[in-house]
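Notes follow once the structure below has been shown.
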Amino acid sequence: MLKVFSHYFPSHTLQQILLDALLLFVAVVLAVTFQAHAETVEWEVVIPSALSFAFLMVALNSAMGLYRPAAQYSHRAAIARVLLSVLVSLPVAYGVFRWLPWSGFNSGAMQASVLLMLGVVLSMRALVNRRQASSLFAPRVLILGTGPDALAVQRALACPAQGGMEIVGFYSGGGDDPVEVDPRKVLSGSGLVEVVRRLRVNEVIVAVRERRGGVLPLRELLDCKLDGVRVFDLSSFFERVQGQVRVDSLRASWLIYGDGFRQSLGRALIKRCFDLFAATVLLLLAAPIMLITALLILFEDGGPIFYRQERVGLGGKTFKVTKFRSMRTDAEKDGKPRWAASNDDRATRVGSVIRKLRIDELPQLLNVLVGEMSLVGPRPERPYFVDQLAREIPFYGVRHCVKPGVTGWAQVRYQYGSSVDDAIQKLQYDLYYVKNHTLVLDTLVLFETVRVVLTGEGAH
């Protein structure tokens, strides 16, 4: 895992991106070289243009989710994702050819050759991602512990997105930690340091929840760290690997003394400028769709077009969120708030469609312009649910230290939820965002949102 601007990226994914960028760069250079008049080529123009083209294509397909391992998806979903990448990439690539300053040697044959190579690279990447991910420099991981936390770490590392990490075994932390992992992988030795050196371990993950009474070999962990071995606790591990801050392994001291959770005037100013610019552009682009949606709502069952509802925002203050009305006007005639659910019977016919396409969320851009919301942030919840969740979930109020968002890290990482358990899962992603939010992470979330909308993942 590599940390870039406070966000972790799997090393094998970055290797795939660099490899594909190199292939496309070489394809452009070769296509130019084999032209009839290659001797007149201005290489000082071709080289930076080819690099720009290559990285633009891989960045675009990263946003389309092509580099996310597809082993957990069906063949049909994997094929759909490839087709989406091809349909988006080829027109963009053709437009890039027209825009880059190489018109003097940009022939039709060259365009066809490079576009064909682009299609081959996309197909190859989809085929490779059907297999378990791997890395050229896979770190060797030792898990300290054998209980339920160690089992959770093992399962997290077993998912396709983390296939680049190799588990060498489990080391018992002592105490009353039960053995819930494979007993054959539990290691023994004269001491932790000896085991780490003998097995050439690169990382130690501490998966022992009870730390009092000498359960943890603190001196040996320090010796491992001084030997250059990286040591992670459960909170840091799940943050790094799954992009979430786990509530069940979270301590207030970690929130206070750890990195992140910084709120500064400069960061708030940059985020606000970004919100104003992006929301204005999106409103202009979406204006025709919003007009058609308003007319369809009117034609189906009359007004009102918009639905305004009280939500909890920054600092726990309430505001009125604006959305297109997707449910009947008597959706809560009993006066009791209910979570929206998948295939909710209260939705109108138009409402079912605009909810699947996320069009009902577009009027929230007006809340962004007036400063009540941000483009990216935790999903704003109703006061009734916030009071309930704050009583049942520790640290729930931390998510209110930033503005709620039209989209967010939790929305693109976890499908729509309608229970307390779902709220816990989404909170863990929200806490990660609150801890690490930067302009880079906001941009990544927006790209992921485009992919989710186009593919219909998690539609409700």
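Identifiers for the structure tokens are assigned positionally: chains receive A, B, ... in sequence, residues are indexed from 1 per chain, and ligands are indexed from 1 in the order shown.
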List the neighbours of A:Thr322 out to 10 Å using only C-alpha atoms; skip same-chain residues closer than 4 positions along the sequence, and give me the result as a tab-separated table (two decimals) with all heavy atoms, in the first residue's frame.
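Result written to result_37.tsv:
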```tsv
chain	number	residue	atom	x	y	z
A	306	PHE	N	-40.49	19.32	-5.74
A	306	PHE	CA	-39.36	19.14	-4.81
A	306	PHE	C	-39.85	18.63	-3.46
A	306	PHE	O	-41.00	18.81	-3.08
A	306	PHE	CB	-38.60	20.45	-4.63
A	306	PHE	CG	-37.98	20.97	-5.90
A	306	PHE	CD1	-38.53	22.06	-6.55
A	306	PHE	CD2	-36.86	20.37	-6.44
A	306	PHE	CE1	-37.97	22.53	-7.73
A	306	PHE	CE2	-36.29	20.83	-7.60
A	306	PHE	CZ	-36.85	21.92	-8.25
A	307	TYR	N	-38.93	18.00	-2.78
A	307	TYR	CA	-39.19	17.46	-1.45
A	307	TYR	C	-38.15	18.03	-0.50
A	307	TYR	O	-36.96	17.84	-0.70
A	307	TYR	CB	-39.09	15.93	-1.49
A	307	TYR	CG	-39.32	15.25	-0.17
A	307	TYR	CD1	-40.53	15.36	0.50
A	307	TYR	CD2	-38.32	14.48	0.42
A	307	TYR	CE1	-40.76	14.73	1.70
A	307	TYR	CE2	-38.52	13.83	1.63
A	307	TYR	CZ	-39.75	13.97	2.26
A	307	TYR	OH	-39.96	13.34	3.46
A	308	ARG	N	-38.60	18.79	0.49
A	308	ARG	CA	-37.69	19.40	1.45
A	308	ARG	C	-37.85	18.70	2.79
A	308	ARG	O	-38.96	18.51	3.28
A	308	ARG	CB	-37.96	20.90	1.59
A	308	ARG	CG	-37.57	21.68	0.35
A	308	ARG	CD	-37.92	23.16	0.46
A	308	ARG	NE	-37.28	23.79	1.61
A	308	ARG	CZ	-36.03	24.22	1.64
A	308	ARG	NH1	-35.26	24.07	0.56
A	308	ARG	NH2	-35.53	24.80	2.70
A	309	GLN	N	-36.71	18.31	3.34
A	309	GLN	CA	-36.74	17.52	4.57
A	309	GLN	C	-35.62	17.98	5.50
A	309	GLN	O	-34.53	18.33	5.04
A	309	GLN	CB	-36.56	16.04	4.24
A	309	GLN	CG	-36.81	15.09	5.40
A	309	GLN	CD	-36.65	13.65	4.96
A	309	GLN	OE1	-35.55	13.21	4.66
A	309	GLN	NE2	-37.76	12.91	4.93
A	310	GLU	N	-35.88	17.96	6.79
A	310	GLU	CA	-34.88	18.39	7.77
A	310	GLU	C	-33.79	17.33	7.91
A	310	GLU	O	-34.07	16.15	8.07
A	310	GLU	CB	-35.55	18.64	9.12
A	310	GLU	CG	-34.65	19.34	10.13
A	310	GLU	CD	-35.39	19.69	11.42
A	310	GLU	OE1	-36.10	18.81	11.93
A	310	GLU	OE2	-35.23	20.81	11.91
A	360	ASP	N	-32.64	12.20	-8.47
A	360	ASP	CA	-33.35	12.87	-7.37
A	360	ASP	C	-32.42	13.66	-6.47
A	360	ASP	O	-32.85	14.54	-5.73
A	360	ASP	CB	-34.14	11.85	-6.55
A	360	ASP	CG	-33.24	10.82	-5.90
A	360	ASP	OD1	-32.27	10.39	-6.53
A	360	ASP	OD2	-33.52	10.44	-4.74
A	361	GLU	N	-31.09	13.36	-6.53
A	361	GLU	CA	-30.12	14.04	-5.68
A	361	GLU	C	-29.67	15.39	-6.25
A	361	GLU	O	-29.07	16.19	-5.53
A	361	GLU	CB	-28.87	13.15	-5.50
A	361	GLU	CG	-29.15	11.71	-5.09
A	361	GLU	CD	-29.42	11.57	-3.61
A	361	GLU	OE1	-29.29	12.58	-2.89
A	361	GLU	OE2	-29.76	10.44	-3.17
A	362	LEU	N	-29.93	15.64	-7.53
A	362	LEU	CA	-29.37	16.83	-8.18
A	362	LEU	C	-29.75	18.16	-7.52
A	362	LEU	O	-28.91	19.07	-7.43
A	362	LEU	CB	-29.77	16.85	-9.66
A	362	LEU	CG	-29.09	15.78	-10.54
A	362	LEU	CD1	-29.64	15.83	-11.96
A	362	LEU	CD2	-27.58	15.99	-10.54
A	363	PRO	N	-31.00	18.35	-7.05
A	363	PRO	CA	-31.32	19.64	-6.42
A	363	PRO	C	-30.49	19.94	-5.18
A	363	PRO	O	-30.45	21.10	-4.73
A	363	PRO	CB	-32.81	19.48	-6.06
A	363	PRO	CG	-33.34	18.51	-7.06
A	363	PRO	CD	-32.22	17.54	-7.25
A	364	GLN	N	-29.82	18.94	-4.61
A	364	GLN	CA	-28.97	19.21	-3.46
A	364	GLN	C	-27.79	20.11	-3.83
A	364	GLN	O	-27.15	20.68	-2.94
A	364	GLN	CB	-28.44	17.89	-2.87
A	364	GLN	CG	-29.51	17.03	-2.23
A	364	GLN	CD	-28.95	15.74	-1.69
A	364	GLN	OE1	-28.48	15.68	-0.54
A	364	GLN	NE2	-28.99	14.69	-2.49
A	365	LEU	N	-27.52	20.25	-5.13
A	365	LEU	CA	-26.48	21.19	-5.55
A	365	LEU	C	-26.82	22.61	-5.13
A	365	LEU	O	-25.92	23.45	-4.92
A	365	LEU	CB	-26.29	21.12	-7.07
A	365	LEU	CG	-25.74	19.78	-7.60
A	365	LEU	CD1	-25.80	19.75	-9.13
A	365	LEU	CD2	-24.32	19.56	-7.12
A	366	LEU	N	-28.11	22.90	-4.98
A	366	LEU	CA	-28.52	24.22	-4.48
A	366	LEU	C	-28.12	24.38	-3.02
A	366	LEU	O	-27.72	25.47	-2.59
A	366	LEU	CB	-30.04	24.39	-4.64
A	366	LEU	CG	-30.56	24.32	-6.08
A	366	LEU	CD1	-32.08	24.34	-6.09
A	366	LEU	CD2	-30.00	25.48	-6.90
A	367	ASN	N	-28.22	23.30	-2.23
A	367	ASN	CA	-27.74	23.34	-0.85
A	367	ASN	C	-26.24	23.56	-0.79
A	367	ASN	O	-25.74	24.20	0.14
A	367	ASN	CB	-28.08	22.03	-0.14
A	367	ASN	CG	-29.57	21.83	0.06
A	367	ASN	OD1	-30.17	21.01	-0.62
A	367	ASN	ND2	-30.19	22.56	0.97
```
What lies within 8 Å of A:Pro139 using only C-alpha atoms, ignoring chain neighbours under 4 positions off, as a compact mmCIF listing (two decimals) with all heavy atoms, in the first residue's frame?
```txt
# COMPACT_ATOMS: atom_id res chain seq x y z
N GLY A 164 -2.14 -8.62 -3.02
CA GLY A 164 -0.72 -8.37 -3.10
C GLY A 164 0.00 -8.50 -1.78
O GLY A 164 1.20 -8.19 -1.71
N MET A 165 -0.66 -8.96 -0.72
CA MET A 165 -0.04 -9.12 0.60
C MET A 165 -0.05 -10.59 0.99
O MET A 165 -1.08 -11.25 0.90
CB MET A 165 -0.78 -8.27 1.64
CG MET A 165 -0.85 -6.79 1.26
SD MET A 165 -1.76 -5.78 2.45
CE MET A 165 -0.53 -5.63 3.74
N GLU A 166 1.09 -11.09 1.40
CA GLU A 166 1.24 -12.52 1.71
C GLU A 166 1.27 -12.74 3.23
O GLU A 166 2.13 -12.19 3.92
CB GLU A 166 2.53 -13.05 1.09
CG GLU A 166 2.81 -14.50 1.39
CD GLU A 166 4.16 -14.95 0.90
OE1 GLU A 166 4.86 -14.13 0.25
OE2 GLU A 166 4.53 -16.11 1.15
N VAL A 201 9.81 -11.25 7.64
CA VAL A 201 8.54 -10.52 7.71
C VAL A 201 8.76 -9.04 7.45
O VAL A 201 9.71 -8.45 7.96
CB VAL A 201 7.87 -10.74 9.08
CG1 VAL A 201 6.66 -9.85 9.26
CG2 VAL A 201 7.49 -12.21 9.26
N ASN A 202 7.87 -8.44 6.65
CA ASN A 202 7.93 -7.00 6.37
C ASN A 202 6.98 -6.19 7.24
O ASN A 202 7.24 -5.02 7.53
CB ASN A 202 7.59 -6.74 4.90
CG ASN A 202 8.48 -7.51 3.94
OD1 ASN A 202 8.01 -8.40 3.24
ND2 ASN A 202 9.77 -7.20 3.93
N GLU A 203 5.86 -6.81 7.63
CA GLU A 203 4.85 -6.09 8.41
C GLU A 203 4.29 -6.99 9.50
O GLU A 203 4.10 -8.19 9.28
CB GLU A 203 3.69 -5.62 7.52
CG GLU A 203 4.08 -4.63 6.44
CD GLU A 203 2.89 -4.19 5.61
OE1 GLU A 203 1.74 -4.58 5.96
OE2 GLU A 203 3.09 -3.46 4.63
```
**Message:** Excluding A:Ala150 and its own-chain neighbours fewer than 5 positions away, which residues fall within 10 Å of it when counting only C-alpha atoms? Please give them as a ChimeraX atom specification.
**Reply:** /A:143-145,155-156,170-172,177,179-181,205-209,234
**Prompt:** Taking into account only C-alpha atoms, which residue in the set A:Tyr396, A:Tyr414, A:Phe25, A:Phe237 is nearest to A:Phe55?
**Reply:** A:Phe25
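You can rank A:Met57, A:Ala138, A:Leu24, A:Val420 by their closest distance to A:Gly95 using only C-alpha atoms, and at the top of that list sits A:Met57.
Pairwise distance (atom CA of A:Ile292, atom CA of A:Glu372) equals 25.8 Å.
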**Asked** Quick one: distance from atom CA of A:Tyr94 to atom CA of A:Ala278 in Å, one decimal?
**Response**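 Separation between atom CA of A:Tyr94 and atom CA of A:Ala278: 25.6 Å.
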